[in-house]
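Peer 1: Can you read through this structure? Questions will come right after.
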Amino acid sequence: MISGVTSPRVPPELSDQIIAHLNGDTSALSACGLVCRNWLPAVRHHRFDSVVLQYPEVEDFLHLLDQSPEIGRFVTSLSCRSKRLSWTRRGITSKVVRDLSCIVEKLTYITKLGLCGFIASEATLREPLARFSVVLSNSSVKALHFTTCNASFGFLSILVASCPLLETLVIEMASIRLSKRDNMMVSNRRHLQSLSLTQMTNTNPAGFLDWITGDLADFRLPNLSIGVWDANDAPLAAAALQRFNHSMSEFHLTVNADASLPQLFGNVDLELEKCQQLQHCRLTFHLREMFVAENQSLPWIHDLIARLSSPVLETIEISVFADPMTDLRALDSECGTRSLDKVSFDAMDALDWRRLECIFTSSILGSLRKVVLVGQGDPSGMRTFLAESHPALQCIIHFR
């Protein structure tokens with residue numbers, strides 16, 4: 001190199017943009033980390049901001065933190081999941097819990113912790129769980145996600161109670177067992193802002209919701225998300241709506257139905273008319289039927305929308321996935337499970353637009369500003385249809 005001549009330098013603002021563009025590309029980020037020391041902070045921010053580990057990798061990641069402790073400053077989200085389904089049958093081990101405790105203790109700014117695919121019980125993990133509880137109580141964790149788990153109420157309650165800043169609790173595809181041995185810890189839930197429940201089996205709705213609210217007479221939950229996959233989920237959805245209707249400002253219902261919606265819900269009643277503080281409502285339906293006027297689920301959807309009566313409701317978002325088949329005669333020749341597609345905008349004329357026009361009136365929903373219909377295709381045909389047949393809806397109906 002000629003004396004006095006230095007290699008060109010990329011301005012930090014530009015290098016940060018380049019590295020940010022590689023977010024999610026592990027190999028490319030690792031290569032960037034070898035360019036120069038000045039690139040390391042940005043690389044580590046994108047490389048380690050969200051860490052997903054298979055359970056056998058927990059020990060390896062702990063060793064990495066021991067060797068490079070500065071990495072712990074960049075991790076804000078940690079998720080651990082089983083490598084294969086057979087592993088979950090053996091249950092989560094004491095060593096994994098101890099290693100997780102050591103890892104979380106080294107993560108300065110962690111805000112989200114997720115555990116996926118495990119069997120766990122407070123009774124068999126008492127000692128390491130007590131240590132983990134202490135670590136969580138000193139952490140900044142604000143979100144807990146439990147997915148595909150088979151756990152005792154005691155195990156979950158200890159982890160939840162150990163997070164004093166908890167704002168978001170997500171439980172999906174979980175079998176929650178309640179036994180007399182469970183230590184039902186209930187902490188201050190005043191920070192809890194969002195609760196998401198999907199496919200919870202072996203769970204008594206009233207008992208579970210009592211555990212969530214604890215002894216707080218003035219408990220308020222602003223954001224509720226419920227997933228209904230079968231008839232066993234419907235009672236929990238109804239009970240949660242009844243329990244939190246006085247405080248909910250956002251509600252998201254996702255229904256994935258193997259049968260028609262009237263069959264799925266039966267006599268279970270979703271009392272949306274009692275949610276008088278509701279401001280934003282999202283309704284998502286996965287139907288194993290064609291989206292045609294004869295679809296038995298459409299009247300049920302219309303009835304549910306008609307129950308919305310909150311005076312402060314501002315937005316409604318409706319998404320429907322349905323069987324893309326258009327010929328009933330092909331049903332007998334089709335076999336196997338067919339994938340569902342977003343309903344095309346052209347097919348949305350199957351909705352009862354006269355009834356929707358009556359529902360979306362200022363006399364019923366005085367604060368309503370926007371109704372978003374999520375679909376696919378070109379919505380120009382539906383816009384023309386509304387302009388000609390229901391002009392009063394043009395200003396509030398949006399397509400996405």
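Just remember, in the structure tokens the first chain shown is A, the second B, etc., residues are 1-based per chain, and ligands are 1-based in the order shown.
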Go through range 107-220 of chain A residue by residue and, counting only C-alpha atoms, keep those with an atom at most 9 Å from range 241-254 of chain A; for each kept residue give the shortest atom pair and its distance in Å to one decimal, ordered by chain and increasing number, as JSON lines.
Peer 2:
```
{"residue": "A:Ser196", "atom": "CA", "partner": "A:His252", "partner_atom": "CA", "distance": 8.9}
{"residue": "A:Thr198", "atom": "CA", "partner": "A:Thr254", "partner_atom": "CA", "distance": 8.8}
{"residue": "A:Leu209", "atom": "CA", "partner": "A:Arg243", "partner_atom": "CA", "distance": 7.7}
{"residue": "A:Phe219", "atom": "CA", "partner": "A:Ser247", "partner_atom": "CA", "distance": 8.5}
{"residue": "A:Arg220", "atom": "CA", "partner": "A:Ser247", "partner_atom": "CA", "distance": 5.3}
```
Peer 1: Would you output that residue set with N, CA and C atoms, as a short mmCIF file (atom, residue, chain, number, x, y, z; two decimals), in the first residue's frame?
Peer 2:
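The file below, selection_13.cif, is the result:
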```cif
data_model
loop_
_atom_site.label_atom_id
_atom_site.label_comp_id
_atom_site.auth_asym_id
_atom_site.auth_seq_id
_atom_site.Cartn_x
_atom_site.Cartn_y
_atom_site.Cartn_z
N SER A 196 -53.62 -13.78 24.52
CA SER A 196 -53.95 -14.53 23.31
C SER A 196 -54.05 -16.01 23.65
N THR A 198 -55.31 -19.88 22.15
CA THR A 198 -55.69 -20.68 20.98
C THR A 198 -55.50 -22.16 21.28
N LEU A 209 -59.52 -18.40 33.84
CA LEU A 209 -59.71 -16.96 33.86
C LEU A 209 -59.61 -16.40 35.27
N PHE A 219 -59.61 -5.60 37.64
CA PHE A 219 -58.71 -6.07 36.58
C PHE A 219 -59.24 -5.62 35.22
N ARG A 220 -58.34 -5.10 34.39
CA ARG A 220 -58.71 -4.64 33.06
C ARG A 220 -57.77 -5.25 32.03
#
```
Peer 1: Write out, as a tab-separated table, each residue of range 167-283 of chain A that has an atom at most 9 Å from range 146-151 of chain A, together with the closest pair of atoms and their distance in Å to one decimal, counting only C-alpha atoms, rows going by chain and rising number.
Peer 2:
```
residue	atom	partner	partner_atom	distance
A:Leu169	CA	A:Phe146	CA	8.2
A:Val170	CA	A:Phe146	CA	6.1
A:Ile171	CA	A:Phe146	CA	4.8
A:Glu172	CA	A:Thr147	CA	4.7
A:Met173	CA	A:Thr148	CA	4.7
A:Ala174	CA	A:Cys149	CA	4.8
A:Ser175	CA	A:Asn150	CA	4.7
A:Ile176	CA	A:Ala151	CA	5.3
A:Arg177	CA	A:Ala151	CA	6.1
A:Leu178	CA	A:Ala151	CA	8.9
```
Peer 1: Could you please take those selected residues and save N, CA and C atoms as a PDB file, in the first residue's frame?
Peer 2:
```pdb
ATOM      1  N   LEU A 169     -49.312 -12.156  27.192  1.00  0.00           N
ATOM      2  CA  LEU A 169     -49.290 -13.591  27.475  1.00  0.00           C
ATOM      3  C   LEU A 169     -49.966 -14.318  26.325  1.00  0.00           C
ATOM      4  N   VAL A 170     -49.219 -15.232  25.680  1.00  0.00           N
ATOM      5  CA  VAL A 170     -49.730 -15.991  24.543  1.00  0.00           C
ATOM      6  C   VAL A 170     -49.638 -17.478  24.869  1.00  0.00           C
ATOM      7  N   ILE A 171     -50.762 -18.184  24.769  1.00  0.00           N
ATOM      8  CA  ILE A 171     -50.792 -19.627  24.982  1.00  0.00           C
ATOM      9  C   ILE A 171     -51.497 -20.247  23.788  1.00  0.00           C
ATOM     10  N   GLU A 172     -50.774 -21.081  23.038  1.00  0.00           N
ATOM     11  CA  GLU A 172     -51.309 -21.671  21.812  1.00  0.00           C
ATOM     12  C   GLU A 172     -51.093 -23.174  21.804  1.00  0.00           C
ATOM     13  N   MET A 173     -52.108 -23.896  21.366  1.00  0.00           N
ATOM     14  CA  MET A 173     -52.034 -25.365  21.225  1.00  0.00           C
ATOM     15  C   MET A 173     -51.474 -25.995  22.496  1.00  0.00           C
ATOM     16  N   ALA A 174     -52.116 -25.711  23.611  1.00  0.00           N
ATOM     17  CA  ALA A 174     -51.590 -26.131  24.905  1.00  0.00           C
ATOM     18  C   ALA A 174     -52.599 -26.990  25.654  1.00  0.00           C
ATOM     19  N   SER A 175     -52.051 -27.998  26.313  1.00  0.00           N
ATOM     20  CA  SER A 175     -52.843 -28.800  27.249  1.00  0.00           C
ATOM     21  C   SER A 175     -52.385 -28.425  28.654  1.00  0.00           C
ATOM     22  N   ILE A 176     -53.256 -27.760  29.386  1.00  0.00           N
ATOM     23  CA  ILE A 176     -52.905 -27.248  30.707  1.00  0.00           C
ATOM     24  C   ILE A 176     -53.575 -28.120  31.760  1.00  0.00           C
ATOM     25  N   ARG A 177     -52.767 -28.806  32.558  1.00  0.00           N
ATOM     26  CA  ARG A 177     -53.289 -29.734  33.557  1.00  0.00           C
ATOM     27  C   ARG A 177     -53.340 -29.072  34.933  1.00  0.00           C
ATOM     28  N   LEU A 178     -54.435 -29.234  35.603  1.00  0.00           N
ATOM     29  CA  LEU A 178     -54.598 -28.688  36.945  1.00  0.00           C
ATOM     30  C   LEU A 178     -54.681 -29.834  37.942  1.00  0.00           C
TER      31      LEU A 178
END
```
Peer 1: Given the choices A:Ala161, A:Ala238, A:Ile318, A:Ala31, which gets closest to Val372 in chain A if the distance is worked out from only C-alpha atoms?
Peer 2: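 Of A:Ala161, A:Ala238, A:Ile318, A:Ala31, the one nearest Val372 in chain A, counting only C-alpha atoms, is A:Ile318.
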Peer 1: Enumerate the residues of range 103-217 of chain A with a DSSP assignment of alpha helix (DSSP H), computed from the backbone, and present them as an MDAnalysis selection string.
Peer 2: chainID A and resid 103:106 126:137 153:161 205:213
Peer 1: What would the file look like if the residues just selected were written as a compact mmCIF listing (two decimals), in the first residue's frame with N, CA and C atoms?
Peer 2:
```
# COMPACT_ATOMS: atom_id res chain seq x y z
N ILE A 103 -28.88 -18.37 30.87
CA ILE A 103 -28.93 -17.56 29.65
C ILE A 103 -29.70 -16.26 29.89
N VAL A 104 -30.91 -16.37 30.43
CA VAL A 104 -31.74 -15.17 30.66
C VAL A 104 -31.04 -14.20 31.59
N GLU A 105 -30.31 -14.73 32.53
CA GLU A 105 -29.57 -13.87 33.47
C GLU A 105 -28.52 -13.03 32.75
N LYS A 106 -28.02 -13.51 31.61
CA LYS A 106 -26.98 -12.81 30.86
C LYS A 106 -27.55 -11.88 29.79
N ARG A 126 -39.05 -28.57 40.64
CA ARG A 126 -39.19 -27.60 41.73
C ARG A 126 -37.92 -26.77 41.95
N GLU A 127 -36.77 -27.43 42.07
CA GLU A 127 -35.54 -26.70 42.40
C GLU A 127 -35.07 -25.79 41.27
N PRO A 128 -34.89 -26.31 40.01
CA PRO A 128 -34.45 -25.40 38.93
C PRO A 128 -35.49 -24.33 38.60
N LEU A 129 -36.77 -24.65 38.79
CA LEU A 129 -37.82 -23.68 38.51
C LEU A 129 -37.78 -22.53 39.51
N ALA A 130 -37.43 -22.82 40.75
CA ALA A 130 -37.30 -21.76 41.75
C ALA A 130 -36.19 -20.79 41.35
N ARG A 131 -35.08 -21.33 40.84
CA ARG A 131 -33.98 -20.49 40.38
C ARG A 131 -34.41 -19.66 39.16
N PHE A 132 -35.09 -20.31 38.23
CA PHE A 132 -35.57 -19.61 37.03
C PHE A 132 -36.53 -18.48 37.42
N SER A 133 -37.35 -18.72 38.41
CA SER A 133 -38.30 -17.71 38.88
C SER A 133 -37.58 -16.47 39.39
N VAL A 134 -36.49 -16.66 40.13
CA VAL A 134 -35.71 -15.53 40.65
C VAL A 134 -35.10 -14.74 39.50
N VAL A 135 -34.57 -15.45 38.51
CA VAL A 135 -33.95 -14.77 37.36
C VAL A 135 -34.98 -13.95 36.59
N LEU A 136 -36.16 -14.54 36.35
CA LEU A 136 -37.21 -13.82 35.62
C LEU A 136 -37.68 -12.59 36.38
N SER A 137 -37.74 -12.69 37.71
CA SER A 137 -38.22 -11.56 38.51
C SER A 137 -37.28 -10.36 38.42
N PHE A 153 -50.61 -26.38 35.50
CA PHE A 153 -50.94 -25.00 35.82
C PHE A 153 -49.86 -24.40 36.73
N GLY A 154 -49.31 -25.24 37.61
CA GLY A 154 -48.29 -24.75 38.53
C GLY A 154 -47.06 -24.25 37.81
N PHE A 155 -46.61 -24.99 36.78
CA PHE A 155 -45.43 -24.58 36.01
C PHE A 155 -45.66 -23.23 35.35
N LEU A 156 -46.81 -23.09 34.65
CA LEU A 156 -47.10 -21.84 33.97
C LEU A 156 -47.29 -20.69 34.95
N SER A 157 -47.97 -20.96 36.05
CA SER A 157 -48.28 -19.88 36.98
C SER A 157 -47.01 -19.33 37.63
N ILE A 158 -46.04 -20.21 37.90
CA ILE A 158 -44.78 -19.73 38.49
C ILE A 158 -44.04 -18.82 37.52
N LEU A 159 -43.97 -19.22 36.24
CA LEU A 159 -43.28 -18.38 35.26
C LEU A 159 -44.00 -17.05 35.05
N VAL A 160 -45.32 -17.10 34.95
CA VAL A 160 -46.08 -15.86 34.74
C VAL A 160 -45.97 -14.94 35.95
N ALA A 161 -46.09 -15.52 37.14
CA ALA A 161 -46.01 -14.72 38.36
C ALA A 161 -44.63 -14.14 38.58
N PRO A 205 -62.52 -23.27 31.70
CA PRO A 205 -62.48 -21.84 31.35
C PRO A 205 -62.57 -20.92 32.56
N ALA A 206 -63.52 -21.18 33.47
CA ALA A 206 -63.69 -20.30 34.63
C ALA A 206 -62.46 -20.34 35.53
N GLY A 207 -61.91 -21.54 35.78
CA GLY A 207 -60.72 -21.65 36.63
C GLY A 207 -59.52 -20.95 36.03
N PHE A 208 -59.34 -21.10 34.71
CA PHE A 208 -58.21 -20.45 34.05
C PHE A 208 -58.34 -18.93 34.11
N LEU A 209 -59.52 -18.40 33.84
CA LEU A 209 -59.71 -16.96 33.86
C LEU A 209 -59.61 -16.40 35.27
N ASP A 210 -60.03 -17.18 36.27
CA ASP A 210 -59.83 -16.76 37.66
C ASP A 210 -58.34 -16.60 37.96
N TRP A 211 -57.53 -17.53 37.43
CA TRP A 211 -56.10 -17.45 37.63
C TRP A 211 -55.50 -16.21 36.96
N ILE A 212 -56.01 -15.87 35.77
CA ILE A 212 -55.52 -14.70 35.06
C ILE A 212 -55.82 -13.42 35.83
N THR A 213 -57.04 -13.28 36.29
CA THR A 213 -57.44 -12.04 36.95
C THR A 213 -56.99 -11.98 38.41
```
Peer 1: Would you list the contacts of Ile305 in chain A as a PDB file with C-alpha atoms, in the first residue's frame, taking every protein, DNA or RNA residue within 12 Å and counting only C-alpha atoms, but skipping same-chain residues closer than 3 positions in sequence?
Peer 2:
```pdb
ATOM      1  CA  LEU A 253     -61.278 -13.656  16.825  1.00  0.00           C
ATOM      2  CA  LEU A 270     -70.347 -14.734  21.788  1.00  0.00           C
ATOM      3  CA  GLU A 271     -71.809 -11.643  23.429  1.00  0.00           C
ATOM      4  CA  LEU A 272     -70.079  -8.890  21.461  1.00  0.00           C
ATOM      5  CA  GLU A 273     -72.914  -6.477  22.241  1.00  0.00           C
ATOM      6  CA  CYS A 281     -62.320  -5.562  16.049  1.00  0.00           C
ATOM      7  CA  ARG A 282     -60.665  -8.138  13.773  1.00  0.00           C
ATOM      8  CA  LEU A 283     -62.568 -11.202  12.623  1.00  0.00           C
ATOM      9  CA  THR A 284     -60.793 -13.977  10.698  1.00  0.00           C
ATOM     10  CA  LEU A 298     -72.321 -16.717   6.146  1.00  0.00           C
ATOM     11  CA  PRO A 299     -75.547 -16.014   8.090  1.00  0.00           C
ATOM     12  CA  TRP A 300     -73.670 -16.835  11.310  1.00  0.00           C
ATOM     13  CA  ILE A 301     -70.940 -14.344  10.356  1.00  0.00           C
ATOM     14  CA  HIS A 302     -73.573 -11.693   9.623  1.00  0.00           C
ATOM     15  CA  LEU A 308     -71.253  -5.171  17.495  1.00  0.00           C
ATOM     16  CA  SER A 309     -72.761  -2.127  19.173  1.00  0.00           C
ATOM     17  CA  SER A 310     -69.904  -0.319  20.905  1.00  0.00           C
ATOM     18  CA  ILE A 316     -63.659  -3.536  11.809  1.00  0.00           C
ATOM     19  CA  GLU A 317     -61.418  -5.877   9.805  1.00  0.00           C
ATOM     20  CA  ILE A 318     -62.880  -9.013   8.243  1.00  0.00           C
ATOM     21  CA  LEU A 351     -72.322 -11.256   1.473  1.00  0.00           C
ATOM     22  CA  ASP A 352     -75.671  -9.875   2.574  1.00  0.00           C
ATOM     23  CA  ARG A 355     -78.000  -6.281   6.066  1.00  0.00           C
ATOM     24  CA  LEU A 356     -74.444  -4.957   6.346  1.00  0.00           C
ATOM     25  CA  GLU A 357     -75.669  -1.535   5.249  1.00  0.00           C
ATOM     26  CA  CYS A 358     -78.138  -1.584   8.137  1.00  0.00           C
ATOM     27  CA  ILE A 359     -75.418  -2.667  10.585  1.00  0.00           C
ATOM     28  CA  PHE A 360     -72.785  -0.112   9.520  1.00  0.00           C
ATOM     29  CA  ILE A 364     -75.861   1.902  15.508  1.00  0.00           C
ATOM     30  CA  LEU A 365     -72.095   2.415  15.259  1.00  0.00           C
ATOM     31  CA  VAL A 371     -64.478  -1.487   7.586  1.00  0.00           C
TER      32      VAL A 371
END
```
Peer 1: Neighbouring residues of range 63-71 of chain A were defined as those with any atom within 8 Å, considering only C-alpha atoms; residues of the same chain fewer than 2 positions away were excluded. Please report them as an mmCIF file with all heavy atoms, in the first residue's frame.
Peer 2:
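So the final result, stored in result_3.cif, reads:
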```
data_model
loop_
_atom_site.group_PDB
_atom_site.id
_atom_site.type_symbol
_atom_site.label_atom_id
_atom_site.label_comp_id
_atom_site.auth_asym_id
_atom_site.auth_seq_id
_atom_site.Cartn_x
_atom_site.Cartn_y
_atom_site.Cartn_z
ATOM 1 N N ARG A 44 -24.342 -7.564 15.118
ATOM 2 C CA ARG A 44 -24.847 -8.313 16.277
ATOM 3 C C ARG A 44 -26.276 -7.913 16.620
ATOM 4 O O ARG A 44 -27.060 -8.744 17.089
ATOM 5 C CB ARG A 44 -23.921 -8.080 17.473
ATOM 6 C CG ARG A 44 -22.630 -8.881 17.370
ATOM 7 C CD ARG A 44 -21.660 -8.564 18.477
ATOM 8 N NE ARG A 44 -20.556 -9.532 18.497
ATOM 9 C CZ ARG A 44 -19.477 -9.401 19.243
ATOM 10 N NH1 ARG A 44 -19.335 -8.338 20.035
ATOM 11 N NH2 ARG A 44 -18.531 -10.318 19.209
ATOM 12 N N PHE A 48 -28.500 -11.179 16.510
ATOM 13 C CA PHE A 48 -28.886 -11.753 17.801
ATOM 14 C C PHE A 48 -30.097 -11.086 18.443
ATOM 15 O O PHE A 48 -30.456 -11.422 19.564
ATOM 16 C CB PHE A 48 -27.696 -11.675 18.772
ATOM 17 C CG PHE A 48 -26.521 -12.503 18.358
ATOM 18 C CD1 PHE A 48 -25.376 -11.903 17.854
ATOM 19 C CD2 PHE A 48 -26.558 -13.877 18.445
ATOM 20 C CE1 PHE A 48 -24.278 -12.668 17.470
ATOM 21 C CE2 PHE A 48 -25.480 -14.652 18.062
ATOM 22 C CZ PHE A 48 -24.335 -14.052 17.567
ATOM 23 N N GLU A 59 -27.426 -25.366 25.565
ATOM 24 C CA GLU A 59 -26.113 -25.402 26.204
ATOM 25 C C GLU A 59 -25.049 -24.733 25.334
ATOM 26 O O GLU A 59 -24.178 -24.018 25.840
ATOM 27 C CB GLU A 59 -25.715 -26.851 26.486
ATOM 28 C CG GLU A 59 -24.417 -26.981 27.276
ATOM 29 C CD GLU A 59 -24.102 -28.422 27.630
ATOM 30 O OE1 GLU A 59 -24.858 -29.319 27.201
ATOM 31 O OE2 GLU A 59 -23.099 -28.655 28.335
ATOM 32 N N ASP A 60 -25.134 -24.923 24.008
ATOM 33 C CA ASP A 60 -24.172 -24.296 23.098
ATOM 34 C C ASP A 60 -24.284 -22.774 23.156
ATOM 35 O O ASP A 60 -23.259 -22.070 23.141
ATOM 36 C CB ASP A 60 -24.402 -24.777 21.661
ATOM 37 C CG ASP A 60 -24.138 -26.269 21.496
ATOM 38 O OD1 ASP A 60 -23.366 -26.810 22.308
ATOM 39 O OD2 ASP A 60 -24.710 -26.882 20.575
ATOM 40 N N PHE A 61 -25.510 -22.265 23.194
ATOM 41 C CA PHE A 61 -25.680 -20.811 23.235
ATOM 42 C C PHE A 61 -25.176 -20.247 24.561
ATOM 43 O O PHE A 61 -24.631 -19.136 24.612
ATOM 44 C CB PHE A 61 -27.153 -20.447 23.030
ATOM 45 C CG PHE A 61 -27.397 -18.968 22.862
ATOM 46 C CD1 PHE A 61 -26.878 -18.274 21.781
ATOM 47 C CD2 PHE A 61 -28.142 -18.266 23.801
ATOM 48 C CE1 PHE A 61 -27.100 -16.908 21.628
ATOM 49 C CE2 PHE A 61 -28.369 -16.908 23.663
ATOM 50 C CZ PHE A 61 -27.845 -16.230 22.564
ATOM 51 N N ARG A 73 -26.169 -8.239 25.284
ATOM 52 C CA ARG A 73 -26.787 -6.915 25.248
ATOM 53 C C ARG A 73 -27.686 -6.733 24.025
ATOM 54 O O ARG A 73 -28.472 -5.787 23.977
ATOM 55 C CB ARG A 73 -25.708 -5.830 25.240
ATOM 56 C CG ARG A 73 -24.829 -5.796 26.492
ATOM 57 C CD ARG A 73 -23.919 -4.588 26.512
ATOM 58 N NE ARG A 73 -22.928 -4.648 25.438
ATOM 59 C CZ ARG A 73 -22.931 -3.877 24.372
ATOM 60 N NH1 ARG A 73 -23.906 -2.986 24.197
ATOM 61 N NH2 ARG A 73 -21.994 -3.983 23.449
ATOM 62 N N PHE A 74 -27.547 -7.620 23.033
ATOM 63 C CA PHE A 74 -28.284 -7.448 21.784
ATOM 64 C C PHE A 74 -29.542 -8.317 21.707
ATOM 65 O O PHE A 74 -30.376 -8.107 20.828
ATOM 66 C CB PHE A 74 -27.370 -7.767 20.597
ATOM 67 C CG PHE A 74 -26.185 -6.854 20.477
ATOM 68 C CD1 PHE A 74 -24.955 -7.220 21.004
ATOM 69 C CD2 PHE A 74 -26.304 -5.618 19.857
ATOM 70 C CE1 PHE A 74 -23.855 -6.377 20.897
ATOM 71 C CE2 PHE A 74 -25.213 -4.774 19.752
ATOM 72 C CZ PHE A 74 -23.988 -5.148 20.277
ATOM 73 N N VAL A 75 -29.685 -9.280 22.580
ATOM 74 C CA VAL A 75 -30.821 -10.210 22.516
ATOM 75 C C VAL A 75 -32.029 -9.606 23.228
ATOM 76 O O VAL A 75 -31.982 -9.320 24.422
ATOM 77 C CB VAL A 75 -30.465 -11.565 23.157
ATOM 78 C CG1 VAL A 75 -31.655 -12.523 23.063
ATOM 79 C CG2 VAL A 75 -29.239 -12.170 22.485
ATOM 80 N N ILE A 103 -28.885 -18.365 30.875
ATOM 81 C CA ILE A 103 -28.931 -17.560 29.650
ATOM 82 C C ILE A 103 -29.698 -16.264 29.890
ATOM 83 O O ILE A 103 -29.216 -15.166 29.567
ATOM 84 C CB ILE A 103 -29.575 -18.365 28.502
ATOM 85 C CG1 ILE A 103 -28.626 -19.466 28.032
ATOM 86 C CG2 ILE A 103 -29.934 -17.451 27.340
ATOM 87 C CD1 ILE A 103 -29.222 -20.388 26.983
ATOM 88 N N LYS A 106 -28.023 -13.510 31.608
ATOM 89 C CA LYS A 106 -26.984 -12.811 30.858
ATOM 90 C C LYS A 106 -27.547 -11.882 29.786
ATOM 91 O O LYS A 106 -26.791 -11.183 29.111
ATOM 92 C CB LYS A 106 -26.041 -13.827 30.199
ATOM 93 C CG LYS A 106 -25.284 -14.715 31.184
ATOM 94 C CD LYS A 106 -24.474 -15.773 30.454
ATOM 95 C CE LYS A 106 -23.794 -16.731 31.415
ATOM 96 N NZ LYS A 106 -22.765 -16.072 32.239
#
```
Peer 1: Which residues come within 6 Å of Arg81 in chain A, counting only C-alpha atoms, excluding same-chain residues fewer than 3 positions away, as JSON, numbers by chain?
Peer 2: {"A": [54, 55, 115, 116, 117]}
Peer 1: Compare A:Lys112, A:His398, A:Lys342, A:Lys142 by their minimum atom-to-atom distance to Leu78 in chain A, counting only C-alpha atoms, and give me the closest one.
Peer 2: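 The closest residue to Leu78 in chain A is A:Lys112.
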Peer 1: For CA of Ile119 in chain A and CA of Leu197 in chain A, determine how far apart the two atoms are, in Å to one decimal place.
Peer 2: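 According to the coordinates, CA of Ile119 in chain A and CA of Leu197 in chain A are separated by 18.3 Å.
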Peer 1: Name the residues of range 3-227 of chain A that come out as strand (DSSP E) in a backbone DSSP run; write them as number ranges by chain.
Peer 2: A: 50-54, 77-81, 112-120, 143-152, 168-177, 194-201, 223-227
Peer 1: Quick one: pull the distance between CA of Pro41 in chain A and CA of Gly72 in chain A, Å, one decimal.
Peer 2: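 One can read the CA of Pro41 in chain A to CA of Gly72 in chain A distance as 11.9 Å.
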Peer 1: Applying 10 Å and only C-alpha atoms, which residues near Gly381 in chain A remain after dropping the ones on its own chain fewer than 6 positions away? List them as a short mmCIF file (atom, residue, chain, number, x, y, z; two decimals) with N, CA and C atoms, in the first residue's frame.
Peer 2:
```
data_model
loop_
_atom_site.label_atom_id
_atom_site.label_comp_id
_atom_site.auth_asym_id
_atom_site.auth_seq_id
_atom_site.Cartn_x
_atom_site.Cartn_y
_atom_site.Cartn_z
N PHE A 345 -62.16 -10.69 -4.11
CA PHE A 345 -63.08 -9.56 -3.95
C PHE A 345 -64.33 -9.73 -4.81
N ASP A 346 -64.18 -10.34 -5.98
CA ASP A 346 -65.34 -10.55 -6.84
C ASP A 346 -66.38 -11.45 -6.19
N ALA A 347 -65.90 -12.40 -5.33
CA ALA A 347 -66.83 -13.34 -4.69
C ALA A 347 -67.56 -12.73 -3.50
N ASP A 349 -69.63 -10.52 -3.34
CA ASP A 349 -71.04 -10.16 -3.54
C ASP A 349 -71.97 -11.18 -2.91
N ALA A 387 -70.95 1.28 -5.35
CA ALA A 387 -71.35 2.61 -5.84
C ALA A 387 -72.74 2.59 -6.43
#
```
Peer 1: What is the CA of Ala231 in chain A-CA of Asn204 in chain A distance in Å, reported with one decimal?
Peer 2: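 Going from CA of Ala231 in chain A over to CA of Asn204 in chain A, I get 14.0 Å.
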Peer 1: Any idea what's packed within 8 Å of Ile396 in chain A, counting only C-alpha atoms, ignoring anything in its chain fewer than 4 positions away? Could you give it as a PyMOL selection string?
Peer 2: chain A and resi 368-371
Peer 1: Save out the residues we just selected, C-alpha atoms, as a PDB file, in the first residue's frame.
Peer 2:
```
ATOM      1  CA  LEU A 368     -67.253   3.673  12.876  1.00  0.00           C
ATOM      2  CA  ARG A 369     -64.724   5.082  10.384  1.00  0.00           C
ATOM      3  CA  LYS A 370     -63.463   2.070   8.476  1.00  0.00           C
ATOM      4  CA  VAL A 371     -64.478  -1.487   7.586  1.00  0.00           C
TER       5      VAL A 371
END
```
Peer 1: Would you mind telling me which residue in A:Ser94, A:Gln17, A:Asn202, A:Asn256 lies nearest to Ile226 in chain A when using only C-alpha atoms?
Peer 2: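 Ranking A:Ser94, A:Gln17, A:Asn202, A:Asn256 by distance to Ile226 in chain A, first place goes to A:Asn256.
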Peer 1: Pick the closest to Ser140 in chain A from A:Ser77, A:Ser194, A:Leu100, A:Thr124: which is it, counting only C-alpha atoms?
Peer 2: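 Closest to Ser140 in chain A, using only C-alpha atoms: A:Ser77.
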